[in-house]
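Structure file model39.txt (compact mmCIF, C-alpha atoms) follows.
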# COMPACT_ATOMS: atom_id res chain seq x y z
CA MET A 42 0.00 0.00 0.00
CA SER A 43 1.43 3.35 -0.99
CA ILE A 44 0.80 6.57 0.93
CA SER A 45 -0.60 9.21 -1.38
CA PRO A 46 0.11 12.92 -0.86
CA ALA A 47 -3.65 13.35 -0.25
CA ASN A 48 -3.41 10.89 2.66
CA ASN A 49 -0.41 12.74 4.09
CA HIS A 50 -2.29 16.01 3.83
CA GLU A 51 -5.30 14.45 5.58
CA ARG A 52 -3.07 13.08 8.35
CA ALA A 53 -1.38 16.48 8.85
CA ARG A 54 -4.82 18.12 9.17
CA GLU A 55 -5.99 15.49 11.66
CA GLN A 56 -2.76 15.98 13.67
CA LEU A 57 -3.36 19.76 13.84
CA ASN A 58 -6.96 19.13 15.01
CA LEU A 59 -5.63 16.99 17.87
CA VAL A 60 -2.84 19.43 18.80
CA PHE A 61 -5.05 22.54 18.87
CA GLY A 62 -7.76 20.54 20.70
CA ALA A 63 -5.22 19.42 23.32
CA LEU A 64 -4.06 23.03 23.79
CA SER A 65 -7.62 24.32 24.31
CA ASN A 66 -7.57 23.23 27.96
CA PRO A 67 -5.62 25.27 30.58
CA THR A 68 -4.69 22.24 32.72
CA ARG A 69 -3.19 20.53 29.67
CA ARG A 70 -1.22 23.69 28.83
CA ASP A 71 0.05 23.75 32.44
CA LEU A 72 1.04 20.07 32.22
CA LEU A 73 3.06 20.83 29.07
CA ALA A 74 4.69 23.82 30.81
CA GLN A 75 5.66 21.55 33.73
CA LEU A 76 7.07 18.88 31.37
CA GLY A 77 8.94 21.68 29.59
CA ARG A 78 11.01 22.10 32.77
CA ALA A 79 11.75 18.38 33.22
CA PRO A 80 10.30 14.93 32.49
CA ALA A 81 8.05 13.79 35.35
CA SER A 82 6.05 10.88 36.71
CA ILE A 83 2.24 11.12 36.85
CA SER A 84 2.28 11.74 40.63
CA GLU A 85 4.87 14.49 40.20
CA LEU A 86 2.65 16.05 37.52
CA ALA A 87 -0.46 15.77 39.70
CA ALA A 88 1.15 17.35 42.80
CA PRO A 89 0.79 21.08 41.87
CA PHE A 90 -2.84 20.61 40.77
CA ARG A 91 -5.67 19.78 43.15
CA MET A 92 -6.49 16.82 40.94
CA SER A 93 -6.78 13.07 41.26
CA LEU A 94 -4.31 10.81 39.45
CA PRO A 95 -7.08 9.49 37.12
CA ALA A 96 -8.03 13.07 36.16
CA VAL A 97 -4.39 13.90 35.34
CA SER A 98 -4.08 10.60 33.47
CA LYS A 99 -7.08 11.50 31.32
CA HIS A 100 -5.49 14.82 30.31
CA LEU A 101 -2.20 13.02 29.61
CA ARG A 102 -3.97 10.60 27.27
CA VAL A 103 -5.29 13.57 25.23
CA LEU A 104 -1.74 14.98 25.09
CA GLU A 105 -0.37 11.57 24.07
CA ARG A 106 -2.92 11.20 21.26
CA ALA A 107 -1.80 14.60 19.94
CA GLY A 108 1.83 13.38 20.06
CA LEU A 109 2.75 16.03 22.65
CA VAL A 110 3.70 13.64 25.46
CA ARG A 111 5.58 10.35 25.41
CA ARG A 112 5.00 7.95 28.28
CA GLN A 113 7.62 5.38 29.26
CA ILE A 114 6.54 2.67 31.67
CA ASP A 115 9.25 1.57 34.12
CA GLY A 116 7.72 -0.97 36.52
CA ARG A 117 4.94 0.94 38.26
CA VAL A 118 6.27 4.40 37.34
CA HIS A 119 4.98 6.13 34.20
CA ARG A 120 7.61 8.67 33.13
CA CYS A 121 6.29 11.46 30.86
CA THR A 122 8.37 13.48 28.43
CA LEU A 123 7.43 16.52 26.35
CA GLU A 124 7.49 16.12 22.56
CA THR A 125 7.76 19.53 20.90
CA ALA A 126 7.55 18.58 17.20
CA PRO A 127 3.72 18.93 17.03
CA LEU A 128 3.97 22.35 18.73
CA GLN A 129 6.37 23.40 15.98
CA GLU A 130 3.77 22.36 13.36
CA ALA A 131 1.07 24.38 15.15
CA GLU A 132 3.42 27.36 15.25
CA GLN A 133 4.08 26.98 11.53
CA TRP A 134 0.36 27.13 10.82
CA LEU A 135 0.06 30.34 12.87
CA ALA A 136 3.19 31.77 11.23
CA HIS A 137 1.22 32.16 7.95
CA TYR A 138 -0.75 34.89 9.74
CA ARG A 139 2.31 36.59 11.23
CA GLY A 140 2.50 38.58 7.98
CA PHE A 141 -0.78 40.29 8.89
CA TRP A 142 0.37 42.15 11.97
CA THR A 143 3.83 42.82 10.45
CA ASP A 144 2.22 44.11 7.21
CA THR A 145 -0.17 46.26 9.22
CA LEU A 146 2.69 47.84 11.16
CA GLU A 147 4.71 48.39 7.96
CA ALA A 148 1.72 49.96 6.17
CA LEU A 149 1.19 52.20 9.19
CA ALA A 150 4.87 53.22 9.19
CA ARG A 151 4.70 54.01 5.43
CA HIS A 152 1.53 56.02 5.95
CA VAL A 153 3.18 58.04 8.74
CA GLU A 154 6.27 58.66 6.54
CA ASP A 155 4.11 59.70 3.55
CA THR A 156 2.05 62.15 5.57
CA GLU A 157 5.05 63.74 7.29
CA MET B 223 -15.29 47.52 40.46
CA SER B 224 -11.58 47.20 39.80
CA ILE B 225 -10.09 44.53 37.56
CA SER B 226 -7.43 42.61 39.47
CA PRO B 227 -4.35 41.14 37.71
CA ALA B 228 -5.72 37.71 38.70
CA ASN B 229 -8.90 38.45 36.71
CA ASN B 230 -6.85 39.56 33.70
CA HIS B 231 -4.81 36.37 33.92
CA GLU B 232 -8.01 34.31 34.11
CA ARG B 233 -9.44 36.12 31.07
CA ALA B 234 -6.25 35.60 29.06
CA ARG B 235 -6.40 31.87 29.85
CA GLU B 236 -10.07 31.67 28.87
CA GLN B 237 -9.30 33.53 25.62
CA LEU B 238 -6.53 31.01 24.78
CA ASN B 239 -8.95 28.13 25.48
CA LEU B 240 -11.41 29.59 22.96
CA VAL B 241 -8.75 30.35 20.33
CA PHE B 242 -7.12 26.91 20.44
CA GLY B 243 -10.58 25.29 20.56
CA ALA B 244 -11.64 27.27 17.46
CA LEU B 245 -8.47 26.20 15.63
CA SER B 246 -9.03 22.49 16.41
CA ASN B 247 -11.48 22.19 13.49
CA PRO B 248 -10.21 22.04 9.86
CA THR B 249 -13.25 23.85 8.39
CA ARG B 250 -12.73 26.73 10.81
CA ARG B 251 -9.02 26.89 9.88
CA ASP B 252 -10.05 26.98 6.19
CA LEU B 253 -12.55 29.78 6.90
CA LEU B 254 -9.78 31.81 8.55
CA ALA B 255 -7.48 31.15 5.58
CA GLN B 256 -10.20 32.38 3.22
CA LEU B 257 -10.80 35.52 5.33
CA GLY B 258 -7.03 36.05 5.36
CA ARG B 259 -7.26 36.69 1.59
CA ALA B 260 -10.19 39.12 1.84
CA PRO B 261 -13.26 39.93 3.97
CA ALA B 262 -16.29 37.97 2.76
CA SER B 263 -20.03 37.51 3.20
CA ILE B 264 -21.38 34.27 4.66
CA SER B 265 -22.51 33.02 1.22
CA GLU B 266 -19.05 33.78 -0.23
CA LEU B 267 -17.51 31.85 2.67
CA ALA B 268 -19.89 28.91 2.19
CA ALA B 269 -19.32 28.62 -1.59
CA PRO B 270 -16.03 26.60 -1.58
CA PHE B 271 -17.34 24.15 1.04
CA ARG B 272 -20.15 21.71 0.45
CA MET B 273 -21.93 23.15 3.46
CA SER B 274 -25.23 24.79 4.27
CA LEU B 275 -25.31 28.45 5.35
CA PRO B 276 -26.45 27.50 8.90
CA ALA B 277 -23.50 25.08 9.22
CA VAL B 278 -21.04 27.80 8.13
CA SER B 279 -22.79 30.26 10.46
CA LYS B 280 -22.28 27.89 13.39
CA HIS B 281 -18.53 27.70 12.71
CA LEU B 282 -18.41 31.49 12.36
CA ARG B 283 -20.05 31.90 15.78
CA VAL B 284 -17.26 29.79 17.34
CA LEU B 285 -14.67 31.98 15.56
CA GLU B 286 -16.48 35.15 16.72
CA ARG B 287 -16.55 33.97 20.35
CA ALA B 288 -12.77 33.43 20.14
CA GLY B 289 -12.40 36.98 18.78
CA LEU B 290 -11.02 35.70 15.46
CA VAL B 291 -13.81 37.01 13.23
CA ARG B 292 -15.74 40.29 13.32
CA ARG B 293 -19.17 40.33 11.69
CA GLN B 294 -20.65 43.58 10.37
CA ILE B 295 -24.32 43.52 9.45
CA ASP B 296 -25.24 45.67 6.45
CA GLY B 297 -28.93 45.14 5.68
CA ARG B 298 -29.20 41.43 4.90
CA VAL B 299 -25.49 40.95 4.24
CA HIS B 300 -23.21 39.78 7.06
CA ARG B 301 -19.67 40.87 6.20
CA CYS B 302 -16.93 38.89 8.01
CA THR B 303 -13.41 40.16 8.68
CA LEU B 304 -10.41 38.31 10.12
CA GLU B 305 -9.06 39.53 13.47
CA THR B 306 -5.47 38.37 13.91
CA ALA B 307 -4.72 39.65 17.46
CA PRO B 308 -5.85 36.39 19.16
CA LEU B 309 -3.71 34.38 16.70
CA GLN B 310 -0.73 36.46 17.79
CA GLU B 311 -1.45 35.55 21.44
CA ALA B 312 -1.63 31.85 20.53
CA GLU B 313 1.67 32.17 18.69
CA GLN B 314 3.23 33.87 21.71
CA TRP B 315 2.20 30.94 23.89
CA LEU B 316 3.81 28.50 21.44
CA ALA B 317 6.92 30.72 21.15
CA HIS B 318 7.89 29.73 24.74
CA TYR B 319 8.56 26.25 23.36
CA ARG B 320 10.49 27.46 20.33
CA GLY B 321 13.59 27.43 22.57
CA PHE B 322 13.31 23.64 22.79
CA TRP B 323 14.01 22.78 19.20
CA THR B 324 16.60 25.62 18.90
CA ASP B 325 18.32 24.54 22.16
CA THR B 326 18.36 20.92 21.02
CA LEU B 327 20.08 21.88 17.76
CA GLU B 328 22.58 24.11 19.60
CA ALA B 329 23.37 21.38 22.16
CA LEU B 330 23.88 18.95 19.28
CA ALA B 331 26.21 21.41 17.52
CA ARG B 332 28.25 21.89 20.75
CA HIS B 333 28.45 18.13 21.28
CA VAL B 334 29.73 17.64 17.71
CA GLU B 335 32.34 20.41 18.22
CA ASP B 336 33.49 18.95 21.57
CA THR B 337 33.94 15.48 20.21
CA GLU B 338 35.81 16.57 17.10
Could you quickly redo this structure as structure tokens?
Amino acid sequence: MSISPANNHERAREQLNLVFGALSNPTRRDLLAQLGRAPASISELAAPFRMSLPAVSKHLRVLERAGLVRRQIDGRVHRCTLETAPLQEAEQWLAHYRGFWTDTLEALARHVEDTE
Amino acid sequence: MSISPANNHERAREQLNLVFGALSNPTRRDLLAQLGRAPASISELAAPFRMSLPAVSKHLRVLERAGLVRRQIDGRVHRCTLETAPLQEAEQWLAHYRGFWTDTLEALARHVEDTE
């Protein structure tokens, strides 16, 4: 079975859906921020939040599905690591729009120069 | 009534929830891309999609709530304009993580230099 470019495109879109969906929750953003400082076990991740381990685990599963967290199981300890590649893809999508505010500022600067 | 910094922080978080939530749907991302080319009426926005006007309207309401689209009503025509400020805030959130892939590349470069 070959992978067509259309399939790749579809997969990239689906990946962005999952990443932006994962980021739409403040607890999940905080979990990513915490993992950004160091890898952590689920109990270490749960400690700063007033949350049960199952509730944290549920958020982690959403992050895992989006490819943002990798979980390594070592005996009874689940070690979580941040994966930044999907964040980079989300940033690339947003970067298309960066031109808008830059262009607006440049147009404003030109306008000010022209009128002076 | 004064607005405390805590309230502002809470509002900024809520705004990010709505923006990332709005971006988690591919049709809504396409609508933003289309509005990025030019402002458009709802029927102009609906044309490229095989979608009913109410379905497009529903997506537009999600984008409006996130502050990404402004709707001006002129008689029976609803004119939609892209608002990029919330996208810039989302990009700023992601920019915190930009250091990760840059740092990783720099650490790799240093390691290669040290071992040579």
Check: which chain B residues lie within 7 Å of chain A using only C-alpha atoms, as number ranges by chain | B: 235, 238-240, 242-243, 245-248, 309, 313, 316
Quick one: superpose chain B onto chain A using all C-alpha atoms paired in order, least squares, and give it to me as a JSON list (two decimals) with C-alpha atoms, in the frame of the given file.
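Output file selection.json follows:
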[["chain", "number", "residue", "atom", "x", "y", "z"],
["B", 223, "MET", "CA", -0.10, 0.24, -0.21],
["B", 224, "SER", "CA", 1.38, 3.59, -1.13],
["B", 225, "ILE", "CA", 0.76, 6.75, 0.87],
["B", 226, "SER", "CA", -0.59, 9.46, -1.43],
["B", 227, "PRO", "CA", 0.18, 13.18, -0.83],
["B", 228, "ALA", "CA", -3.57, 13.61, -0.23],
["B", 229, "ASN", "CA", -3.35, 11.12, 2.66],
["B", 230, "ASN", "CA", -0.35, 12.94, 4.12],
["B", 231, "HIS", "CA", -2.23, 16.22, 3.88],
["B", 232, "GLU", "CA", -5.24, 14.64, 5.60],
["B", 233, "ARG", "CA", -3.02, 13.27, 8.38],
["B", 234, "ALA", "CA", -1.33, 16.64, 8.91],
["B", 235, "ARG", "CA", -4.76, 18.28, 9.24],
["B", 236, "GLU", "CA", -5.93, 15.63, 11.70],
["B", 237, "GLN", "CA", -2.72, 16.08, 13.72],
["B", 238, "LEU", "CA", -3.32, 19.86, 13.92],
["B", 239, "ASN", "CA", -6.91, 19.22, 15.08],
["B", 240, "LEU", "CA", -5.59, 17.07, 17.94],
["B", 241, "VAL", "CA", -2.80, 19.49, 18.90],
["B", 242, "PHE", "CA", -5.00, 22.59, 18.99],
["B", 243, "GLY", "CA", -7.73, 20.58, 20.77],
["B", 244, "ALA", "CA", -5.19, 19.44, 23.41],
["B", 245, "LEU", "CA", -4.03, 23.04, 23.92],
["B", 246, "SER", "CA", -7.60, 24.33, 24.44],
["B", 247, "ASN", "CA", -7.55, 23.20, 28.09],
["B", 248, "PRO", "CA", -5.60, 25.20, 30.74],
["B", 249, "THR", "CA", -4.69, 22.14, 32.84],
["B", 250, "ARG", "CA", -3.19, 20.46, 29.78],
["B", 251, "ARG", "CA", -1.20, 23.63, 28.97],
["B", 252, "ASP", "CA", 0.06, 23.65, 32.59],
["B", 253, "LEU", "CA", 1.05, 19.97, 32.32],
["B", 254, "LEU", "CA", 3.07, 20.76, 29.19],
["B", 255, "ALA", "CA", 4.72, 23.71, 30.96],
["B", 256, "GLN", "CA", 5.67, 21.43, 33.84],
["B", 257, "LEU", "CA", 7.08, 18.78, 31.46],
["B", 258, "GLY", "CA", 8.97, 21.57, 29.70],
["B", 259, "ARG", "CA", 11.03, 21.97, 32.90],
["B", 260, "ALA", "CA", 11.75, 18.25, 33.31],
["B", 261, "PRO", "CA", 10.28, 14.80, 32.56],
["B", 262, "ALA", "CA", 8.03, 13.64, 35.40],
["B", 263, "SER", "CA", 6.00, 10.72, 36.72],
["B", 264, "ILE", "CA", 2.21, 10.96, 36.86],
["B", 265, "SER", "CA", 2.24, 11.53, 40.65],
["B", 266, "GLU", "CA", 4.83, 14.32, 40.24],
["B", 267, "LEU", "CA", 2.62, 15.87, 37.56],
["B", 268, "ALA", "CA", -0.50, 15.59, 39.75],
["B", 269, "ALA", "CA", 1.12, 17.13, 42.86],
["B", 270, "PRO", "CA", 0.76, 20.87, 41.97],
["B", 271, "PHE", "CA", -2.87, 20.44, 40.88],
["B", 272, "ARG", "CA", -5.70, 19.57, 43.22],
["B", 273, "MET", "CA", -6.53, 16.62, 40.99],
["B", 274, "SER", "CA", -6.83, 12.87, 41.27],
["B", 275, "LEU", "CA", -4.36, 10.63, 39.42],
["B", 276, "PRO", "CA", -7.11, 9.33, 37.07],
["B", 277, "ALA", "CA", -8.06, 12.92, 36.16],
["B", 278, "VAL", "CA", -4.41, 13.77, 35.36],
["B", 279, "SER", "CA", -4.11, 10.49, 33.45],
["B", 280, "LYS", "CA", -7.10, 11.43, 31.30],
["B", 281, "HIS", "CA", -5.49, 14.75, 30.35],
["B", 282, "LEU", "CA", -2.21, 12.95, 29.63],
["B", 283, "ARG", "CA", -4.00, 10.56, 27.25],
["B", 284, "VAL", "CA", -5.30, 13.56, 25.25],
["B", 285, "LEU", "CA", -1.73, 14.97, 25.13],
["B", 286, "GLU", "CA", -0.37, 11.55, 24.08],
["B", 287, "ARG", "CA", -2.92, 11.22, 21.26],
["B", 288, "ALA", "CA", -1.79, 14.64, 19.98],
["B", 289, "GLY", "CA", 1.83, 13.42, 20.09],
["B", 290, "LEU", "CA", 2.76, 16.02, 22.71],
["B", 291, "VAL", "CA", 3.70, 13.61, 25.50],
["B", 292, "ARG", "CA", 5.57, 10.29, 25.40],
["B", 293, "ARG", "CA", 4.96, 7.87, 28.26],
["B", 294, "GLN", "CA", 7.59, 5.29, 29.20],
["B", 295, "ILE", "CA", 6.50, 2.55, 31.58],
["B", 296, "ASP", "CA", 9.19, 1.41, 34.02],
["B", 297, "GLY", "CA", 7.64, -1.14, 36.39],
["B", 298, "ARG", "CA", 4.86, 0.77, 38.14],
["B", 299, "VAL", "CA", 6.21, 4.21, 37.26],
["B", 300, "HIS", "CA", 4.93, 6.00, 34.14],
["B", 301, "ARG", "CA", 7.58, 8.53, 33.10],
["B", 302, "CYS", "CA", 6.26, 11.35, 30.87],
["B", 303, "THR", "CA", 8.38, 13.40, 28.47],
["B", 304, "LEU", "CA", 7.43, 16.46, 26.42],
["B", 305, "GLU", "CA", 7.50, 16.11, 22.63],
["B", 306, "THR", "CA", 7.77, 19.54, 21.02],
["B", 307, "ALA", "CA", 7.57, 18.61, 17.29],
["B", 308, "PRO", "CA", 3.75, 18.98, 17.13],
["B", 309, "LEU", "CA", 4.02, 22.38, 18.87],
["B", 310, "GLN", "CA", 6.40, 23.46, 16.13],
["B", 311, "GLU", "CA", 3.80, 22.45, 13.50],
["B", 312, "ALA", "CA", 1.12, 24.46, 15.31],
["B", 313, "GLU", "CA", 3.47, 27.44, 15.43],
["B", 314, "GLN", "CA", 4.15, 27.08, 11.70],
["B", 315, "TRP", "CA", 0.43, 27.24, 11.00],
["B", 316, "LEU", "CA", 0.13, 30.43, 13.07],
["B", 317, "ALA", "CA", 3.28, 31.88, 11.43],
["B", 318, "HIS", "CA", 1.31, 32.31, 8.16],
["B", 319, "TYR", "CA", -0.66, 35.02, 9.96],
["B", 320, "ARG", "CA", 2.38, 36.70, 11.46],
["B", 321, "GLY", "CA", 2.61, 38.70, 8.21],
["B", 322, "PHE", "CA", -0.68, 40.40, 9.11],
["B", 323, "TRP", "CA", 0.45, 42.30, 12.15],
["B", 324, "THR", "CA", 3.90, 43.00, 10.58],
["B", 325, "ASP", "CA", 2.29, 44.17, 7.30],
["B", 326, "THR", "CA", -0.15, 46.38, 9.20],
["B", 327, "LEU", "CA", 2.71, 48.08, 11.05],
["B", 328, "GLU", "CA", 4.71, 48.50, 7.82],
["B", 329, "ALA", "CA", 1.69, 49.95, 5.96],
["B", 330, "LEU", "CA", 1.16, 52.34, 8.87],
["B", 331, "ALA", "CA", 4.83, 53.39, 8.78],
["B", 332, "ARG", "CA", 4.63, 54.01, 4.98],
["B", 333, "HIS", "CA", 1.42, 56.01, 5.40],
["B", 334, "VAL", "CA", 3.07, 58.19, 8.08],
["B", 335, "GLU", "CA", 6.12, 58.74, 5.82],
["B", 336, "ASP", "CA", 3.94, 59.63, 2.80],
["B", 337, "THR", "CA", 1.88, 62.14, 4.68],
["B", 338, "GLU", "CA", 4.84, 63.86, 6.30]]
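The space separating CA of Arg259 in chain B from CA of Ala234 in chain B comes to 27.5 Å.
Between CA of Asp115 in chain A and CA of Thr68 in chain A the interatomic distance comes to 25.0 Å.
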In Å, rounded to a single decimal, give me how far CA of Val110 in chain A is from CA of Asn48 in chain A.
->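 So the answer is 24.0 Å.
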Near Ala87 in chain A, counting only C-alpha atoms, which residues have an atom at most 9 Å away, once you skip same-chain residues fewer than 5 positions from it, shown as a PyMOL selection string?
-> chain A and resi 72+82+92-94+96-98
With C-alpha atoms retained, write the just-selected residues as a PDB file, in the frame of the given file.
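File produced: again_2.pdb:
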ATOM      1  CA  LEU A  72       1.040  20.070  32.220  1.00  0.00           C
ATOM      2  CA  SER A  82       6.050  10.880  36.710  1.00  0.00           C
ATOM      3  CA  MET A  92      -6.490  16.820  40.940  1.00  0.00           C
ATOM      4  CA  SER A  93      -6.780  13.070  41.260  1.00  0.00           C
ATOM      5  CA  LEU A  94      -4.310  10.810  39.450  1.00  0.00           C
ATOM      6  CA  ALA A  96      -8.030  13.070  36.160  1.00  0.00           C
ATOM      7  CA  VAL A  97      -4.390  13.900  35.340  1.00  0.00           C
ATOM      8  CA  SER A  98      -4.080  10.600  33.470  1.00  0.00           C
TER       9      SER A  98
END
Of B:Pro308, B:Val334, B:Ser226, B:Ala262, the one sitting nearest Arg287 in chain B when using all atoms listed in the file is B:Pro308
Cys302 in chain B: which residues within 10 Å, counting only C-alpha atoms, same-chain residues fewer than 2 positions away excluded, as a list in words?
-> Leu257, Ala260, Pro261, Ala262, Ser263, Ile264, Glu266, Leu267, Leu282, Glu286, Val291, Arg292, Arg293, Gln294, Ile295, Val299, His300, Leu304 and Glu305 of chain B
Starting from the incomplete input, reconstruct N, CA, C and O atoms of range 57-77 of chain A and report them as a CSV table (one decimal), in the frame of the given file.
chain,number,residue,atom,x,y,z
A,57,LEU,N,-3.1,18.4,13.4
A,57,LEU,CA,-3.4,19.8,13.8
A,57,LEU,C,-4.6,19.9,14.7
A,57,LEU,O,-4.7,20.6,15.7
A,58,ASN,N,-5.7,19.1,14.2
A,58,ASN,CA,-7.0,19.1,15.0
A,58,ASN,C,-6.7,18.7,16.4
A,58,ASN,O,-7.1,19.3,17.4
A,59,LEU,N,-5.9,17.6,16.6
A,59,LEU,CA,-5.6,17.0,17.9
A,59,LEU,C,-4.8,17.9,18.7
A,59,LEU,O,-5.0,18.1,19.9
A,60,VAL,N,-3.8,18.6,18.1
A,60,VAL,CA,-2.8,19.4,18.8
A,60,VAL,C,-3.6,20.7,19.3
A,60,VAL,O,-3.5,21.0,20.5
A,61,PHE,N,-4.3,21.3,18.4
A,61,PHE,CA,-5.0,22.5,18.9
A,61,PHE,C,-6.1,22.2,19.9
A,61,PHE,O,-6.3,22.9,20.9
A,62,GLY,N,-6.8,21.0,19.7
A,62,GLY,CA,-7.8,20.5,20.7
A,62,GLY,C,-7.1,20.3,22.1
A,62,GLY,O,-7.7,20.7,23.1
A,63,ALA,N,-5.9,19.7,22.1
A,63,ALA,CA,-5.2,19.4,23.3
A,63,ALA,C,-4.8,20.7,24.0
A,63,ALA,O,-4.9,20.8,25.2
A,64,LEU,N,-4.5,21.8,23.2
A,64,LEU,CA,-4.1,23.0,23.8
A,64,LEU,C,-5.2,23.9,24.3
A,64,LEU,O,-5.0,24.9,24.9
A,65,SER,N,-6.5,23.5,24.0
A,65,SER,CA,-7.6,24.3,24.3
A,65,SER,C,-8.0,24.2,25.8
A,65,SER,O,-9.0,24.8,26.2
A,66,ASN,N,-7.3,23.4,26.5
A,66,ASN,CA,-7.6,23.2,28.0
A,66,ASN,C,-6.4,23.8,28.8
A,66,ASN,O,-5.3,23.4,28.6
A,67,PRO,N,-6.7,24.6,29.8
A,67,PRO,CA,-5.6,25.3,30.6
A,67,PRO,C,-4.8,24.3,31.4
A,67,PRO,O,-3.6,24.5,31.6
A,68,THR,N,-5.4,23.2,31.9
A,68,THR,CA,-4.7,22.2,32.7
A,68,THR,C,-3.7,21.5,31.8
A,68,THR,O,-2.5,21.3,32.2
A,69,ARG,N,-4.1,21.2,30.6
A,69,ARG,CA,-3.2,20.5,29.7
A,69,ARG,C,-2.0,21.5,29.3
A,69,ARG,O,-0.9,21.0,29.2
A,70,ARG,N,-2.3,22.8,29.1
A,70,ARG,CA,-1.2,23.7,28.8
A,70,ARG,C,-0.3,23.8,30.0
A,70,ARG,O,1.0,23.8,29.8
A,71,ASP,N,-0.8,23.7,31.3
A,71,ASP,CA,0.0,23.8,32.4
A,71,ASP,C,0.9,22.5,32.5
A,71,ASP,O,2.1,22.5,32.9
A,72,LEU,N,0.3,21.3,32.2
A,72,LEU,CA,1.0,20.1,32.2
A,72,LEU,C,2.2,20.1,31.2
A,72,LEU,O,3.3,19.7,31.6
A,73,LEU,N,2.0,20.7,30.1
A,73,LEU,CA,3.1,20.8,29.1
A,73,LEU,C,4.1,21.8,29.6
A,73,LEU,O,5.3,21.5,29.4
A,74,ALA,N,3.7,22.9,30.3
A,74,ALA,CA,4.7,23.8,30.8
A,74,ALA,C,5.6,23.1,31.9
A,74,ALA,O,6.8,23.3,31.9
A,75,GLN,N,4.9,22.3,32.7
A,75,GLN,CA,5.7,21.6,33.7
A,75,GLN,C,6.6,20.6,33.1
A,75,GLN,O,7.8,20.5,33.5
A,76,LEU,N,6.2,19.8,32.1
A,76,LEU,CA,7.1,18.9,31.4
A,76,LEU,C,8.2,19.6,30.6
A,76,LEU,O,9.2,19.0,30.3
A,77,GLY,N,7.9,20.9,30.3
A,77,GLY,CA,8.9,21.7,29.6
A,77,GLY,C,10.1,21.9,30.5
A,77,GLY,O,11.3,22.2,30.0
